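Undergrad: You'll find input_2.cif just under this line, and it carries mmCIF, C-alpha atoms.
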```cif
data_structure
#
loop_
_atom_site.label_atom_id
_atom_site.label_comp_id
_atom_site.auth_asym_id
_atom_site.auth_seq_id
_atom_site.Cartn_x
_atom_site.Cartn_y
_atom_site.Cartn_z
CA MET A 1 16.94 54.09 59.51
CA SER A 2 14.13 51.68 58.70
CA ARG A 3 12.07 50.03 61.42
CA HIS A 4 9.79 47.08 60.90
CA LEU A 5 6.57 47.18 62.92
CA LEU A 6 5.42 43.75 64.04
CA PRO A 7 1.71 42.91 63.86
CA ARG A 8 -0.55 42.52 66.90
CA GLU A 9 -0.78 38.77 66.28
CA LEU A 10 2.50 36.93 65.88
CA THR A 11 1.28 33.33 65.79
CA ILE A 12 1.18 30.27 63.59
CA HIS A 13 -1.98 31.71 62.03
CA THR A 14 -0.15 34.81 60.79
CA ALA A 15 3.31 33.30 60.30
CA ALA A 16 3.21 33.08 56.50
CA ASP A 17 2.05 36.68 56.02
CA THR A 18 4.44 37.99 58.65
CA HIS A 19 7.31 36.07 57.08
CA ARG A 20 6.56 37.57 53.65
CA ALA A 21 6.44 41.07 55.14
CA MET A 22 9.77 40.50 56.91
CA LEU A 23 11.41 39.22 53.71
CA ALA A 24 10.26 42.31 51.80
CA TRP A 25 11.55 44.58 54.58
CA VAL A 26 14.93 42.81 54.77
CA ALA A 27 15.31 43.00 50.99
CA GLY A 28 15.14 46.78 51.25
CA LEU A 29 17.75 47.07 54.01
CA GLY A 30 20.72 46.68 51.70
CA ASP A 31 23.94 46.54 53.70
CA ALA A 32 22.53 48.04 56.91
CA GLN A 33 24.60 47.12 59.95
CA ALA A 34 21.61 47.14 62.31
CA TRP A 35 18.04 45.96 61.83
CA PHE A 36 15.37 47.50 64.08
CA VAL A 37 12.05 45.84 64.84
CA ASP A 38 9.31 47.53 66.87
CA ALA A 39 7.63 44.77 68.88
CA SER A 40 5.34 46.96 70.97
CA PRO A 41 2.09 46.02 69.14
CA VAL A 42 2.41 42.26 69.80
CA ASP A 43 -0.42 41.22 72.08
CA GLU A 44 -0.61 37.57 71.02
CA THR A 45 2.25 35.23 70.21
CA ASP A 46 3.19 31.59 70.27
CA ALA A 47 6.25 29.48 69.52
CA ALA A 48 5.81 29.98 65.76
CA GLY A 49 5.94 33.76 66.22
CA VAL A 50 9.08 33.53 68.32
CA GLN A 51 10.57 31.16 65.76
CA LEU A 52 10.05 33.82 63.08
CA LEU A 53 12.05 36.27 65.17
CA LEU A 54 14.80 33.70 65.70
CA SER A 55 14.93 33.19 61.94
CA LEU A 56 15.16 36.95 61.44
CA SER A 57 17.99 37.10 63.98
CA ARG A 58 19.86 34.37 62.12
CA SER A 59 19.34 36.18 58.81
CA ALA A 60 20.74 39.36 60.35
CA ALA A 61 23.81 37.50 61.60
CA GLN A 62 24.36 35.98 58.15
CA ALA A 63 24.19 39.50 56.69
CA GLN A 64 26.69 40.65 59.33
CA ALA A 65 24.05 42.89 60.89
CA THR A 66 22.61 43.10 64.37
CA LEU A 67 18.91 42.63 65.08
CA HIS A 68 17.42 44.97 67.69
CA ILE A 69 13.94 44.11 68.91
CA GLU A 70 12.78 47.38 70.39
CA THR A 71 10.04 47.87 72.97
CA PRO A 72 8.97 44.24 73.16
CA SER A 73 5.47 43.88 74.55
CA PRO A 74 5.05 42.05 77.87
CA VAL A 75 3.43 39.17 75.96
CA LEU A 76 6.46 38.80 73.72
CA GLU A 77 8.86 39.11 76.63
CA ARG A 78 7.06 36.31 78.52
CA ALA A 79 7.06 34.07 75.45
CA CYS A 80 10.78 34.62 74.91
CA ARG A 81 11.53 33.86 78.57
CA THR A 82 9.29 30.79 78.56
CA LEU A 83 10.99 29.43 75.45
CA GLY A 84 14.46 30.26 76.76
CA VAL A 85 15.41 32.73 74.04
CA ALA A 86 15.13 36.08 75.84
CA GLY A 87 18.91 36.41 75.99
CA THR A 88 19.14 35.76 72.26
CA LEU A 89 16.33 38.01 71.05
CA LEU A 90 15.94 40.78 73.59
CA ASP A 91 18.55 43.50 74.14
CA THR A 92 18.11 43.52 77.93
CA PRO A 93 18.61 40.34 79.97
CA ALA A 94 15.27 38.72 80.81
CA GLU A 95 15.74 39.01 84.57
CA GLY A 96 16.02 42.80 84.23
CA ARG A 97 12.66 43.23 82.52
CA LEU A 98 9.21 43.64 83.94
CA ALA A 99 6.56 41.05 83.15
#
```
Kindly transcribe the structure held in the file into structure tokens.
TA:
Amino acid sequence: MSRHLLPRELTIHTAADTHRAMLAWVAGLGDAQAWFVDASPVDETDAAGVQLLLSLSRSAAQAQATLHIETPSPVLERACRTLGVAGTLLDTPAEGRLA
């Protein structure tokens, strides 16, 4: 099983590089039913970073796979809650997580 490790900075400033890395990773997944992303390193994010994850989630759905964002950092959890996408991106409901 392949896991993609997110960078520490998941912002508009790193969006292009992060997107390229995600595309390369997804290309190697083949017909995997589940995609796993380790989000523990993220200590800075913004709406552009969350948008990248939403795009990845949509790509997974189109490939009939499930995206699992594992161990999201508190920073990423807060951003997802603030933007109203915690229920879409995170495996555990937002109200059940610690900030």
Undergrad: For the structure shown, which residues end up in the PyMOL selection byres ((chain A and resi 82) around 12)? Put them as a PyMOL selection string, please?
TA: chain A and resi 45-47+50+75-81+83-87+94+99
Undergrad: Name all residues at most 6 Å from Val37 of chain A (count all atoms listed in the file; drop same-chain ones fewer than 4 positions away) and give them as a PyMOL selection string.
TA: chain A and resi 3-5+69-70
Undergrad: Could you save the residues just selected, with C-alpha atoms, as a short mmCIF file (atom, residue, chain, number, x, y, z; two decimals), in the coordinates of the input?
TA:
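Contents of part.cif, as written:
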```
data_model
loop_
_atom_site.label_atom_id
_atom_site.label_comp_id
_atom_site.auth_asym_id
_atom_site.auth_seq_id
_atom_site.Cartn_x
_atom_site.Cartn_y
_atom_site.Cartn_z
CA ARG A 3 12.07 50.03 61.42
CA HIS A 4 9.79 47.08 60.90
CA LEU A 5 6.57 47.18 62.92
CA ILE A 69 13.94 44.11 68.91
CA GLU A 70 12.78 47.38 70.39
#
```
Undergrad: For Ala65 of chain A, which of A:Asp17, A:Leu6, A:Ala34, A:Ala24 is the closest residue, counting all atoms listed in the file?
TA: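 Closest to Ala65 of chain A of all the choices is A:Ala34.
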Undergrad: Of the candidates A:Val42, A:Ala32, A:Ala27, A:Met22, which one gets nearest to Leu56 of chain A if we count all atoms listed in the file?
TA: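 Under the stated criterion, the closest residue is A:Met22.
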Undergrad: Name the residues, using the chain letters and numbers of the file, that sit within 8 Å of (0.7, 42.3, 66.7) when counting all atoms listed in the file, and give them as a list of chain:residue names.
TA: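 The distance filter leaves exactly A:Leu6, A:Pro7, A:Arg8, A:Glu9, A:Leu10, A:Ala39, A:Ser40, A:Pro41, A:Val42, A:Asp43, A:Glu44.
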Undergrad: Given 6 Å of margin on each side, can you work out the centre and size in Å (one decimal) of an axis-aligned box holding every listed atom of segment 62-78 of chain A, as lines of an AutoDock Vina configuration file?
TA:
```
center_x = 15.1
center_y = 41.9
center_z = 67.6
size_x = 35.3
size_y = 23.9
size_z = 33.8
```
Undergrad: Could you please determine the separation between atom CA of Phe36 of chain A and atom CA of Ser2 of chain A in Å, to one decimal place?
TA: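 Taking atom CA of Phe36 of chain A as the start and atom CA of Ser2 of chain A as the end point, the length is 6.9 Å.
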Undergrad: Please, what distance in Å, to one decimal, runs between atom CA of Gln51 of chain A and atom CA of Gly28 of chain A?
TA: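 Those two atoms sit 21.8 Å apart.
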Undergrad: I'd like to know which of A:Val26, A:Thr88, A:Gln33, A:Ala16 is closest to Ser59 of chain A, using all atoms listed in the file.
TA: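 Smallest distance to Ser59 of chain A is found for A:Val26.
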Undergrad: Kindly give the distance, in Å, that separates atom CA of Pro74 of chain A and atom CA of Leu29 of chain A, rounded to a single decimal.
TA: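 Pair atom CA of Pro74 of chain A / atom CA of Leu29 of chain A returns 27.5 Å.
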Undergrad: Could you list, as a ChimeraX atom specification, every residue within 8 Å of Leu52 of chain A, counting all atoms listed in the file and ignoring same-chain residues fewer than 4 positions away?
TA: /A:15,19,48,56
Undergrad: Choose the residue, out of A:Gly30, A:Trp25, A:Trp35, A:Thr11, that has the smallest atom-to-atom separation from Ser57 of chain A; count all atoms listed in the file.
TA: A:Trp35
Undergrad: Missing atoms in segment 47-63 of chain A need filling: write out N, CA, C and O atoms for it as a tab-separated table (two decimals), in the coordinates of the input.
TA:
```
chain	number	residue	atom	x	y	z
A	47	ALA	N	4.91	29.93	69.89
A	47	ALA	CA	6.25	29.48	69.52
A	47	ALA	C	6.56	29.76	68.05
A	47	ALA	O	7.71	30.07	67.71
A	48	ALA	N	5.57	29.70	67.18
A	48	ALA	CA	5.81	29.98	65.76
A	48	ALA	C	6.21	31.44	65.57
A	48	ALA	O	7.09	31.75	64.75
A	49	GLY	N	5.58	32.35	66.31
A	49	GLY	CA	5.94	33.76	66.22
A	49	GLY	C	7.36	34.02	66.70
A	49	GLY	O	8.12	34.75	66.08
A	50	VAL	N	7.72	33.39	67.80
A	50	VAL	CA	9.08	33.53	68.32
A	50	VAL	C	10.07	32.91	67.36
A	50	VAL	O	11.16	33.45	67.12
A	51	GLN	N	9.70	31.80	66.75
A	51	GLN	CA	10.57	31.16	65.76
A	51	GLN	C	10.84	32.09	64.57
A	51	GLN	O	11.96	32.13	64.05
A	52	LEU	N	9.83	32.84	64.15
A	52	LEU	CA	10.05	33.82	63.08
A	52	LEU	C	11.11	34.83	63.47
A	52	LEU	O	11.97	35.21	62.67
A	53	LEU	N	11.06	35.30	64.71
A	53	LEU	CA	12.05	36.27	65.17
A	53	LEU	C	13.44	35.65	65.27
A	53	LEU	O	14.44	36.30	64.96
A	54	LEU	N	13.50	34.39	65.67
A	54	LEU	CA	14.80	33.70	65.70
A	54	LEU	C	15.36	33.56	64.29
A	54	LEU	O	16.57	33.74	64.07
A	55	SER	N	14.50	33.28	63.34
A	55	SER	CA	14.93	33.19	61.94
A	55	SER	C	15.43	34.54	61.44
A	55	SER	O	16.46	34.63	60.74
A	56	LEU	N	14.74	35.60	61.82
A	56	LEU	CA	15.16	36.95	61.44
A	56	LEU	C	16.52	37.28	62.06
A	56	LEU	O	17.39	37.86	61.41
A	57	SER	N	16.71	36.87	63.31
A	57	SER	CA	17.99	37.10	63.98
A	57	SER	C	19.13	36.36	63.26
A	57	SER	O	20.21	36.91	63.07
A	58	ARG	N	18.85	35.15	62.85
A	58	ARG	CA	19.86	34.37	62.12
A	58	ARG	C	20.18	35.02	60.77
A	58	ARG	O	21.33	35.10	60.36
A	59	SER	N	19.13	35.50	60.09
A	59	SER	CA	19.34	36.18	58.81
A	59	SER	C	20.19	37.44	58.99
A	59	SER	O	21.05	37.73	58.16
A	60	ALA	N	19.94	38.16	60.07
A	60	ALA	CA	20.74	39.36	60.35
A	60	ALA	C	22.20	38.98	60.56
A	60	ALA	O	23.10	39.61	60.00
A	61	ALA	N	22.43	37.94	61.34
A	61	ALA	CA	23.81	37.50	61.60
A	61	ALA	C	24.50	37.09	60.30
A	61	ALA	O	25.67	37.42	60.09
A	62	GLN	N	23.79	36.41	59.43
A	62	GLN	CA	24.36	35.98	58.15
A	62	GLN	C	24.69	37.19	57.27
A	62	GLN	O	25.62	37.14	56.47
A	63	ALA	N	23.94	38.27	57.45
A	63	ALA	CA	24.19	39.50	56.69
A	63	ALA	C	25.16	40.41	57.42
A	63	ALA	O	25.38	41.55	57.01
```
